[in-house]
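*Asks:* Input upload.cif, format and content: mmCIF, C-alpha atoms and all ligand atoms.
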data_structure
loop_
_atom_site.group_PDB
_atom_site.id
_atom_site.type_symbol
_atom_site.label_atom_id
_atom_site.label_comp_id
_atom_site.auth_asym_id
_atom_site.auth_seq_id
_atom_site.Cartn_x
_atom_site.Cartn_y
_atom_site.Cartn_z
ATOM 1 C CA MET X 20 20.509 -9.795 -121.362
ATOM 2 C CA LEU X 21 21.925 -6.283 -121.777
ATOM 3 C CA ASP X 22 24.608 -7.612 -124.100
ATOM 4 C CA LYS X 23 21.963 -9.282 -126.282
ATOM 5 C CA ILE X 24 19.915 -6.075 -126.437
ATOM 6 C CA ILE X 25 22.974 -4.002 -127.324
ATOM 7 C CA ARG X 26 24.051 -6.415 -130.040
ATOM 8 C CA GLU X 27 20.633 -7.036 -131.536
ATOM 9 C CA ARG X 28 19.191 -3.520 -131.585
ATOM 10 C CA ARG X 29 18.912 -2.325 -135.171
ATOM 11 C CA THR X 30 17.623 0.818 -136.804
ATOM 12 C CA ILE X 31 14.159 -0.135 -138.024
ATOM 13 C CA ARG X 32 12.928 1.619 -141.143
ATOM 14 C CA GLU X 33 9.809 -0.466 -141.830
ATOM 15 C CA TYR X 34 7.086 -1.004 -139.275
ATOM 16 C CA THR X 35 3.705 -2.667 -139.089
ATOM 17 C CA GLN X 36 0.932 -0.104 -138.637
ATOM 18 C CA GLU X 37 0.142 -1.351 -135.120
ATOM 19 C CA ILE X 38 0.478 1.465 -132.589
ATOM 20 C CA PRO X 39 2.525 0.520 -129.523
ATOM 21 C CA PRO X 40 0.404 1.158 -126.415
ATOM 22 C CA LEU X 41 0.960 4.393 -124.501
ATOM 23 C CA GLU X 42 2.153 2.402 -121.507
ATOM 24 C CA LEU X 43 5.098 1.073 -123.553
ATOM 25 C CA ARG X 44 5.823 4.462 -125.124
ATOM 26 C CA LYS X 45 5.998 5.937 -121.625
ATOM 27 C CA LYS X 46 8.459 3.246 -120.561
ATOM 28 C CA VAL X 47 10.694 4.072 -123.525
ATOM 29 C CA ALA X 48 10.581 7.812 -122.759
ATOM 30 C CA GLU X 49 11.180 7.184 -119.058
ATOM 31 C CA ALA X 50 14.380 5.259 -119.816
ATOM 32 C CA GLY X 51 15.749 8.556 -121.135
ATOM 33 C CA LEU X 52 15.442 10.087 -117.675
ATOM 34 C CA TYR X 53 18.015 7.643 -116.325
ATOM 35 C CA ALA X 54 20.716 8.680 -118.780
ATOM 36 C CA PRO X 55 23.801 10.616 -117.759
ATOM 37 C CA THR X 56 23.601 14.256 -118.865
ATOM 38 C CA ALA X 57 26.052 17.144 -118.500
ATOM 39 C CA THR X 58 25.561 18.859 -115.101
ATOM 40 C CA ASN X 59 22.493 16.622 -114.768
ATOM 41 C CA SER X 60 20.703 19.065 -117.056
ATOM 42 C CA GLN X 61 18.393 16.466 -118.647
ATOM 43 C CA PRO X 62 18.089 18.917 -121.521
ATOM 44 C CA PHE X 63 15.425 17.267 -123.626
ATOM 45 C CA LEU X 64 11.752 17.272 -124.475
ATOM 46 C CA ILE X 65 9.864 14.653 -126.479
ATOM 47 C CA ARG X 66 6.899 15.805 -128.536
ATOM 48 C CA GLU X 67 4.865 12.902 -129.911
ATOM 49 C CA LEU X 68 3.438 13.862 -133.296
ATOM 50 C CA SER X 69 -0.081 13.110 -134.511
ATOM 51 C CA LYS X 70 -0.730 11.681 -137.993
ATOM 52 C CA ASP X 71 -1.889 15.151 -139.128
ATOM 53 C CA GLU X 72 1.253 16.771 -137.797
ATOM 54 C CA VAL X 73 3.419 14.218 -139.608
ATOM 55 C CA ALA X 74 1.410 14.892 -142.792
ATOM 56 C CA SER X 75 2.103 18.644 -142.474
ATOM 57 C CA ILE X 76 5.791 17.939 -141.974
ATOM 58 C CA GLN X 77 5.714 15.689 -145.047
ATOM 59 C CA ASN X 78 4.248 18.559 -147.116
ATOM 60 C CA LEU X 79 7.001 20.913 -145.998
ATOM 61 C CA MET X 80 9.670 18.310 -146.706
ATOM 62 C CA GLU X 81 8.340 17.392 -150.160
ATOM 63 C CA LYS X 82 8.198 21.033 -151.178
ATOM 64 C CA ARG X 83 11.760 21.640 -150.066
ATOM 65 C CA TYR X 84 12.978 18.395 -151.660
ATOM 66 C CA GLU X 85 11.657 19.564 -155.049
ATOM 67 C CA GLU X 86 13.213 23.023 -154.524
ATOM 68 C CA LEU X 87 16.594 21.549 -153.653
ATOM 69 C CA LEU X 88 16.537 19.189 -156.641
ATOM 70 C CA ALA X 89 15.669 22.086 -158.949
ATOM 71 C CA ALA X 90 18.463 24.195 -157.432
ATOM 72 C CA ALA X 91 20.896 21.268 -157.815
ATOM 73 C CA GLU X 92 20.482 21.433 -161.602
ATOM 74 C CA SER X 93 22.530 24.616 -161.727
ATOM 75 C CA CYS X 94 25.265 23.254 -159.442
ATOM 76 C CA GLU X 95 28.608 22.480 -161.019
ATOM 77 C CA ASP X 96 29.002 19.423 -158.818
ATOM 78 C CA LYS X 97 26.704 16.919 -160.487
ATOM 79 C CA LYS X 98 26.732 14.684 -157.411
ATOM 80 C CA VAL X 99 24.730 17.236 -155.389
ATOM 81 C CA ALA X 100 21.429 15.856 -156.690
ATOM 82 C CA LYS X 101 22.533 12.356 -155.692
ATOM 83 C CA VAL X 102 23.255 13.531 -152.156
ATOM 84 C CA ILE X 103 19.838 15.182 -151.943
ATOM 85 C CA ASN X 104 18.216 11.942 -153.082
ATOM 86 C CA PHE X 105 20.277 9.978 -150.568
ATOM 87 C CA TYR X 106 19.035 12.183 -147.736
ATOM 88 C CA TRP X 107 15.490 11.961 -149.056
ATOM 89 C CA ARG X 108 15.620 8.161 -149.117
ATOM 90 C CA PHE X 109 16.855 8.089 -145.533
ATOM 91 C CA SER X 110 14.246 10.628 -144.415
ATOM 92 C CA LYS X 111 11.190 8.874 -145.782
ATOM 93 C CA PRO X 112 10.873 6.127 -143.132
ATOM 94 C CA VAL X 113 9.918 8.811 -140.598
ATOM 95 C CA LEU X 114 6.850 9.712 -142.640
ATOM 96 C CA ALA X 115 5.461 6.161 -142.598
ATOM 97 C CA ALA X 116 6.237 5.186 -138.997
ATOM 98 C CA PRO X 117 3.354 4.436 -136.610
ATOM 99 C CA ILE X 118 4.852 6.600 -133.867
ATOM 100 C CA VAL X 119 7.021 9.617 -134.547
ATOM 101 C CA TRP X 120 8.662 11.625 -131.819
ATOM 102 C CA LEU X 121 10.282 14.991 -132.334
ATOM 103 C CA PHE X 122 13.182 14.904 -129.921
ATOM 104 C CA LEU X 123 14.150 18.411 -128.818
ATOM 105 C CA GLY X 124 17.204 19.719 -127.055
ATOM 106 C CA GLU X 125 16.936 22.495 -124.506
ATOM 107 C CA LYS X 126 18.880 25.675 -125.148
ATOM 108 C CA THR X 127 20.099 25.945 -121.561
ATOM 109 C CA PRO X 128 23.000 28.283 -120.943
ATOM 110 C CA SER X 129 25.802 26.095 -119.629
ATOM 111 C CA PHE X 130 27.682 26.710 -116.361
ATOM 112 C CA THR X 131 30.850 27.233 -118.363
ATOM 113 C CA GLN X 132 29.325 30.347 -119.959
ATOM 114 C CA ARG X 133 30.147 32.204 -116.718
ATOM 115 C CA LEU X 134 33.796 31.280 -117.015
ATOM 116 C CA GLN X 135 33.831 32.529 -120.570
ATOM 117 C CA ASP X 136 32.051 35.755 -119.612
ATOM 118 C CA ALA X 137 34.724 36.265 -116.952
ATOM 119 C CA GLY X 138 37.373 35.924 -119.665
ATOM 120 C CA LEU X 139 38.845 32.812 -118.067
ATOM 121 C CA ILE X 140 38.233 30.269 -120.818
ATOM 122 C CA SER X 141 37.393 30.299 -124.506
ATOM 123 C CA TYR X 142 35.586 28.106 -127.060
ATOM 124 C CA THR X 143 32.881 27.486 -124.521
ATOM 125 C CA GLU X 144 30.088 27.430 -127.000
ATOM 126 C CA ALA X 145 31.550 24.572 -128.994
ATOM 127 C CA LYS X 146 32.364 22.620 -125.858
ATOM 128 C CA ALA X 147 28.987 23.303 -124.295
ATOM 129 C CA SER X 148 27.140 22.283 -127.428
ATOM 130 C CA SER X 149 29.250 19.145 -127.659
ATOM 131 C CA ALA X 150 28.361 18.251 -124.053
ATOM 132 C CA MET X 151 24.714 18.955 -124.846
ATOM 133 C CA ARG X 152 24.772 16.764 -127.947
ATOM 134 C CA ILE X 153 26.480 13.949 -126.074
ATOM 135 C CA SER X 154 23.868 14.218 -123.319
ATOM 136 C CA LEU X 155 21.093 13.954 -125.895
ATOM 137 C CA GLY X 156 22.841 10.941 -127.418
ATOM 138 C CA CYS X 157 22.975 9.217 -124.026
ATOM 139 C CA VAL X 158 19.264 9.858 -123.515
ATOM 140 C CA ILE X 159 18.424 8.544 -126.975
ATOM 141 C CA GLN X 160 20.534 5.424 -126.578
ATOM 142 C CA ASN X 161 18.780 4.549 -123.293
ATOM 143 C CA MET X 162 15.460 4.836 -125.081
ATOM 144 C CA LEU X 163 16.535 2.770 -128.094
ATOM 145 C CA LEU X 164 17.755 -0.036 -125.854
ATOM 146 C CA LYS X 165 14.604 0.092 -123.735
ATOM 147 C CA ALA X 166 12.479 -0.108 -126.876
ATOM 148 C CA LYS X 167 14.410 -3.200 -127.928
ATOM 149 C CA GLU X 168 13.888 -4.783 -124.518
ATOM 150 C CA LEU X 169 10.137 -4.177 -124.861
ATOM 151 C CA GLY X 170 10.052 -5.893 -128.267
ATOM 152 C CA LEU X 171 9.760 -2.611 -130.165
ATOM 153 C CA GLY X 172 11.806 -1.340 -133.074
ATOM 154 C CA SER X 173 13.168 2.173 -133.185
ATOM 155 C CA GLY X 174 15.129 4.590 -135.330
ATOM 156 C CA VAL X 175 16.907 7.934 -135.042
ATOM 157 C CA TYR X 176 16.718 10.362 -137.955
ATOM 158 C CA SER X 177 18.720 13.507 -138.680
ATOM 159 C CA ALA X 178 18.215 13.496 -142.441
ATOM 160 C CA PRO X 179 14.709 15.090 -142.445
ATOM 161 C CA PHE X 180 16.159 18.306 -141.050
ATOM 162 C CA ILE X 181 17.909 18.899 -144.373
ATOM 163 C CA PHE X 182 14.417 19.462 -145.768
ATOM 164 C CA LEU X 183 13.029 21.369 -142.777
ATOM 165 C CA GLU X 184 15.903 23.718 -142.099
ATOM 166 C CA LYS X 185 14.119 26.822 -143.398
ATOM 167 C CA ASP X 186 10.850 26.041 -141.616
ATOM 168 C CA GLU X 187 12.209 24.933 -138.239
ATOM 169 C CA SER X 188 11.126 27.824 -136.014
ATOM 170 C CA ALA X 189 7.666 28.059 -137.602
ATOM 171 C CA LEU X 190 7.281 24.297 -137.284
ATOM 172 C CA LEU X 191 8.092 24.358 -133.574
ATOM 173 C CA GLU X 192 5.695 27.227 -132.937
ATOM 174 C CA ASP X 193 2.935 25.322 -134.802
ATOM 175 C CA LEU X 194 3.592 22.380 -132.506
ATOM 176 C CA GLY X 195 3.271 24.635 -129.463
ATOM 177 C CA ILE X 196 6.979 24.466 -128.658
ATOM 178 C CA ASP X 197 8.942 27.537 -127.634
ATOM 179 C CA SER X 198 11.661 27.849 -130.278
ATOM 180 C CA GLN X 199 13.597 30.229 -128.011
ATOM 181 C CA LYS X 200 13.899 27.427 -125.486
ATOM 182 C CA TYR X 201 14.186 24.280 -127.606
ATOM 183 C CA PHE X 202 15.831 23.184 -130.827
ATOM 184 C CA PRO X 203 14.817 20.123 -132.839
ATOM 185 C CA ALA X 204 17.588 17.544 -132.424
ATOM 186 C CA GLU X 205 16.330 14.315 -133.998
ATOM 187 C CA PHE X 206 13.236 12.481 -135.118
ATOM 188 C CA LEU X 207 12.695 9.152 -133.383
ATOM 189 C CA THR X 208 10.434 6.400 -134.668
ATOM 190 C CA ILE X 209 8.921 3.588 -132.658
ATOM 191 C CA GLY X 210 6.785 0.643 -133.652
ATOM 192 C CA TYR X 211 6.665 -3.077 -134.266
ATOM 193 C CA PRO X 212 9.333 -4.065 -136.814
ATOM 194 C CA ALA X 213 8.231 -5.262 -140.250
ATOM 195 C CA GLU X 214 11.844 -6.026 -141.180
ATOM 196 C CA ASN X 215 14.760 -7.805 -139.619
ATOM 197 C CA PRO X 216 17.851 -6.023 -140.919
ATOM 198 C CA ASP X 217 21.329 -7.510 -140.731
ATOM 199 C CA ARG X 218 23.923 -5.683 -138.738
ATOM 200 C CA PRO X 219 25.588 -3.170 -141.049
ATOM 201 C CA HIS X 220 29.366 -3.097 -141.477
ATOM 202 C CA SER X 221 31.050 -2.401 -138.180
ATOM 203 C CA LYS X 222 34.589 -1.450 -137.199
ATOM 204 C CA THR X 223 36.586 -4.009 -135.252
ATOM 205 C CA LEU X 224 37.457 -3.635 -131.594
ATOM 206 C CA ASP X 225 41.140 -3.193 -132.472
ATOM 207 C CA GLU X 226 40.271 -0.240 -134.675
ATOM 208 C CA VAL X 227 38.510 1.681 -131.922
ATOM 209 C CA PHE X 228 40.174 0.555 -128.670
ATOM 210 C CA LYS X 229 43.852 1.208 -127.951
ATOM 211 C CA TYR X 230 44.371 -0.625 -124.698
ATOM 212 C CA ASN X 231 47.123 -1.450 -122.220
ATOM 213 C CA GLU X 232 48.139 -5.109 -121.897
HETATM 214 C C1 LIG G 301 22.362 10.732 -134.808
HETATM 215 C C2 LIG G 301 21.866 9.695 -135.794
HETATM 216 C C3 LIG G 301 21.202 10.083 -136.924
HETATM 217 C C4 LIG G 301 20.724 9.143 -137.826
HETATM 218 N N1 LIG G 301 20.010 9.560 -138.909
HETATM 219 C C5 LIG G 301 19.477 8.665 -139.737
HETATM 220 C C6 LIG G 301 18.651 9.083 -140.818
HETATM 221 O O1 LIG G 301 18.409 10.260 -141.019
HETATM 222 N N2 LIG G 301 18.107 8.135 -141.604
HETATM 223 C C7 LIG G 301 18.334 6.796 -141.408
HETATM 224 O O2 LIG G 301 17.793 5.989 -142.174
HETATM 225 N N3 LIG G 301 19.118 6.363 -140.388
HETATM 226 C C8 LIG G 301 19.681 7.267 -139.549
HETATM 227 N N4 LIG G 301 20.446 6.847 -138.493
HETATM 228 C C9 LIG G 301 20.658 5.411 -138.284
HETATM 229 C C10 LIG G 301 22.063 4.966 -138.700
HETATM 230 O O3 LIG G 301 22.131 4.928 -140.110
HETATM 231 C C11 LIG G 301 22.311 3.588 -138.084
HETATM 232 O O4 LIG G 301 22.335 3.712 -136.686
HETATM 233 C C12 LIG G 301 23.630 2.967 -138.534
HETATM 234 O O5 LIG G 301 23.620 2.709 -139.917
HETATM 235 C C13 LIG G 301 23.917 1.649 -137.800
HETATM 236 O O6 LIG G 301 22.834 0.753 -137.956
HETATM 237 P P1 LIG G 301 22.080 0.141 -136.697
HETATM 238 O O7 LIG G 301 21.418 1.296 -135.964
HETATM 239 O O8 LIG G 301 21.076 -0.810 -137.255
HETATM 240 O O9 LIG G 301 23.095 -0.524 -135.823
HETATM 241 C C14 LIG G 301 20.937 7.767 -137.592
HETATM 242 C C15 LIG G 301 21.613 7.378 -136.432
HETATM 243 C C16 LIG G 301 22.065 8.321 -135.542
HETATM 244 C C17 LIG G 301 22.755 7.866 -134.281
#
Could you rewrite the structure in this file as structure tokens?
Ligand SMILES: Cc1cc2nc3c(=O)[nH]c(=O)nc-3n(C[C@H](O)[C@H](O)[C@H](O)COP(=O)(O)O)c2cc1C

*Replies:*
Amino acid sequence: MLDKIIRERRTIREYTQEIPPLELRKKVAEAGLYAPTATNSQPFLIRELSKDEVASIQNLMEKRYEELLAAAESCEDKKVAKVINFYWRFSKPVLAAPIVWLFLGEKTPSFTQRLQDAGLISYTEAKASSAMRISLGCVIQNMLLKAKELGLGSGVYSAPFIFLEKDESALLEDLGIDSQKYFPAEFLTIGYPAENPDRPHSKTLDEVFKYNE
């Protein structure tokens, strides 16, 4: 069963407009609580967005998209505009999804900070933020697999942040989220799939696993 869920989960970018019941959304979120996290920090917060909130985010993103495209015209590298359009294309599914979650990471000072402050180790920040990111990834993966088990589609989106970068703190404050305490990590979408995508190209096991006979 788990193997089937792992293999058949896909990023869903087109949904029906049916809203998954709160009971199911809670089950998906709860699955995140069972994920391994560095020092058991469980450093995340999920803020479900209303239609109006998504519409405001769309306005901010559209404005910034136009600004970036205009700025790209004076770039020497003529592929910059293409990259902006690529990110825009892969941001748009968030704006049409029936359920959109802003998935936030907690800015918790890590235990290792003390060791750095004591002059015993270095590069803590990079290591701590890597552990934090991996923790968030574990939480997200639990939720994606749970969604699949419940017959829901899901998606993870980083691309929209290209268009929200400048407005991030203000956006969080508008959503009632303390931007000193949390940072926006990903957008997640949930809903009933209106597409059945093929598995995209994948590496082979031999490429990623160097094992002992
Ligand atoms: C951290 C992360 C960020 C992602 N950001 C985006 C995104 O911004 N837009 C998008 O369409 N897909 C995004 N994806 C989905 C990937 O493109 C997708 O997982 C990958 O192509 C493999 O396809 P699959 O999920 O169907 O197996 C993201 C996935 C991850 C894990």

*Asks:* Please evaluate the PyMOL selection byres (((chain X and resi 75-82) around 12) and not hetatm) against the displayed coordinates and give the resulting residues as a VMD selection string.

*Replies:* chain X and resid 68 to 74 83 to 89 103 to 104 106 to 108 110 to 115 119 121 178 to 187 189 to 191 193 to 194 206

*Asks:* Report as CSV the residues of chain X within 10 Å of ligand LIG 301 (chain G), each with its shortest atom pair and distance in Å (one decimal), using all atoms listed in the file, ordered by chain and increasing residue number.

*Replies:*
residue,atom,partner,partner_atom,distance
X:Ile25,CA,G:LIG301,O9,9.2
X:Arg26,CA,G:LIG301,O9,8.3
X:Glu27,CA,G:LIG301,O9,8.2
X:Arg28,CA,G:LIG301,O9,6.5
X:Arg29,CA,G:LIG301,O8,3.4
X:Thr30,CA,G:LIG301,O8,3.8
X:Ile31,CA,G:LIG301,O8,7.0
X:Arg32,CA,G:LIG301,O2,6.6
X:Phe105,CA,G:LIG301,N2,9.4
X:Tyr106,CA,G:LIG301,O1,7.0
X:Trp107,CA,G:LIG301,O1,8.7
X:Arg108,CA,G:LIG301,O2,7.6
X:Phe109,CA,G:LIG301,O2,4.1
X:Ser110,CA,G:LIG301,O1,5.4
X:Lys111,CA,G:LIG301,O2,8.1
X:Pro112,CA,G:LIG301,O2,7.0
X:Val113,CA,G:LIG301,N2,8.3
X:Arg152,CA,G:LIG301,C1,9.4
X:Leu155,CA,G:LIG301,C1,9.6
X:Gly156,CA,G:LIG301,C1,7.4
X:Ile159,CA,G:LIG301,C17,8.5
X:Gln160,CA,G:LIG301,C17,8.4
X:Leu163,CA,G:LIG301,O7,9.4
X:Ser173,CA,G:LIG301,O7,8.7
X:Gly174,CA,G:LIG301,C9,6.3
X:Val175,CA,G:LIG301,C14,4.8
X:Tyr176,CA,G:LIG301,O1,3.5
X:Ser177,CA,G:LIG301,O1,4.0
X:Ala178,CA,G:LIG301,O1,3.5
X:Pro179,CA,G:LIG301,O1,6.2
X:Phe180,CA,G:LIG301,O1,8.4
X:Ile181,CA,G:LIG301,O1,9.3
X:Ala204,CA,G:LIG301,C1,8.7
X:Glu205,CA,G:LIG301,C1,7.1
X:Phe206,CA,G:LIG301,O1,8.2
X:Leu207,CA,G:LIG301,C4,9.2
X:Asn215,CA,G:LIG301,O8,9.7
X:Pro216,CA,G:LIG301,O8,7.1
X:Asp217,CA,G:LIG301,O8,7.6
X:Arg218,CA,G:LIG301,O8,5.8
X:Pro219,CA,G:LIG301,O6,5.7
X:His220,CA,G:LIG301,C13,8.1
X:Ser221,CA,G:LIG301,C13,8.2

*Asks:* Generate a file of the selected residues that holds C-alpha atoms, formatted as a PDB file, keeping the file's coordinate frame.

*Replies:*
ATOM      1  CA  ILE X  25      22.974  -4.002-127.324  1.00  0.00           C
ATOM      2  CA  ARG X  26      24.051  -6.415-130.040  1.00  0.00           C
ATOM      3  CA  GLU X  27      20.633  -7.036-131.536  1.00  0.00           C
ATOM      4  CA  ARG X  28      19.191  -3.520-131.585  1.00  0.00           C
ATOM      5  CA  ARG X  29      18.912  -2.325-135.171  1.00  0.00           C
ATOM      6  CA  THR X  30      17.623   0.818-136.804  1.00  0.00           C
ATOM      7  CA  ILE X  31      14.159  -0.135-138.024  1.00  0.00           C
ATOM      8  CA  ARG X  32      12.928   1.619-141.143  1.00  0.00           C
ATOM      9  CA  PHE X 105      20.277   9.978-150.568  1.00  0.00           C
ATOM     10  CA  TYR X 106      19.035  12.183-147.736  1.00  0.00           C
ATOM     11  CA  TRP X 107      15.490  11.961-149.056  1.00  0.00           C
ATOM     12  CA  ARG X 108      15.620   8.161-149.117  1.00  0.00           C
ATOM     13  CA  PHE X 109      16.855   8.089-145.533  1.00  0.00           C
ATOM     14  CA  SER X 110      14.246  10.628-144.415  1.00  0.00           C
ATOM     15  CA  LYS X 111      11.190   8.874-145.782  1.00  0.00           C
ATOM     16  CA  PRO X 112      10.873   6.127-143.132  1.00  0.00           C
ATOM     17  CA  VAL X 113       9.918   8.811-140.598  1.00  0.00           C
ATOM     18  CA  ARG X 152      24.772  16.764-127.947  1.00  0.00           C
ATOM     19  CA  LEU X 155      21.093  13.954-125.895  1.00  0.00           C
ATOM     20  CA  GLY X 156      22.841  10.941-127.418  1.00  0.00           C
ATOM     21  CA  ILE X 159      18.424   8.544-126.975  1.00  0.00           C
ATOM     22  CA  GLN X 160      20.534   5.424-126.578  1.00  0.00           C
ATOM     23  CA  LEU X 163      16.535   2.770-128.094  1.00  0.00           C
ATOM     24  CA  SER X 173      13.168   2.173-133.185  1.00  0.00           C
ATOM     25  CA  GLY X 174      15.129   4.590-135.330  1.00  0.00           C
ATOM     26  CA  VAL X 175      16.907   7.934-135.042  1.00  0.00           C
ATOM     27  CA  TYR X 176      16.718  10.362-137.955  1.00  0.00           C
ATOM     28  CA  SER X 177      18.720  13.507-138.680  1.00  0.00           C
ATOM     29  CA  ALA X 178      18.215  13.496-142.441  1.00  0.00           C
ATOM     30  CA  PRO X 179      14.709  15.090-142.445  1.00  0.00           C
ATOM     31  CA  PHE X 180      16.159  18.306-141.050  1.00  0.00           C
ATOM     32  CA  ILE X 181      17.909  18.899-144.373  1.00  0.00           C
ATOM     33  CA  ALA X 204      17.588  17.544-132.424  1.00  0.00           C
ATOM     34  CA  GLU X 205      16.330  14.315-133.998  1.00  0.00           C
ATOM     35  CA  PHE X 206      13.236  12.481-135.118  1.00  0.00           C
ATOM     36  CA  LEU X 207      12.695   9.152-133.383  1.00  0.00           C
ATOM     37  CA  ASN X 215      14.760  -7.805-139.619  1.00  0.00           C
ATOM     38  CA  PRO X 216      17.851  -6.023-140.919  1.00  0.00           C
ATOM     39  CA  ASP X 217      21.329  -7.510-140.731  1.00  0.00           C
ATOM     40  CA  ARG X 218      23.923  -5.683-138.738  1.00  0.00           C
ATOM     41  CA  PRO X 219      25.588  -3.170-141.049  1.00  0.00           C
ATOM     42  CA  HIS X 220      29.366  -3.097-141.477  1.00  0.00           C
ATOM     43  CA  SER X 221      31.050  -2.401-138.180  1.00  0.00           C
TER      44      SER X 221
END

*Asks:* In Å, with one decimal, what is the gap from atom CA of X:Arg66 to atom CA of X:Glu125?

*Replies:*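 So the two atoms, atom CA of X:Arg66 and atom CA of X:Glu125, lie 12.7 Å apart.
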
*Asks:* If I take atom CA of X:Gln199 and atom CA of X:Pro128, how far is one from the other in Å, to one decimal?

*Replies:* 11.9 Å

*Asks:* In Å to one decimal, how far is atom CA of X:Pro212 from atom CA of X:Leu41?

*Replies:*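 Between atom CA of X:Leu41 and atom CA of X:Pro212 the gap works out to 17.1 Å.
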
*Asks:* From the list X:Ile209, X:Ile118, X:Ser129, X:Pro39, which residue is nearest X:Ser149 when using all atoms listed in the file?

*Replies:*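 Answer, going by the shortest atom-to-atom distance: X:Ser129.
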
*Asks:* Go through X:Lys46, X:Lys126, X:Lys167, X:Lys229 and flag the residue nearest X:Gln61, using only C-alpha atoms for the distances.

*Replies:*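 Under the stated criterion, the closest residue is X:Lys126.
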
*Asks:* Report as AutoDock Vina command-line options the centre and the edge lengths, in Å to one decimal, of the axis-aligned box holding every listed atom of stretch 163-166 of chain X, padded by 3 Å on each side.

*Replies:*
--center_x 15.1 --center_y 1.3 --center_z -125.9 --size_x 11.3 --size_y 8.9 --size_z 10.4
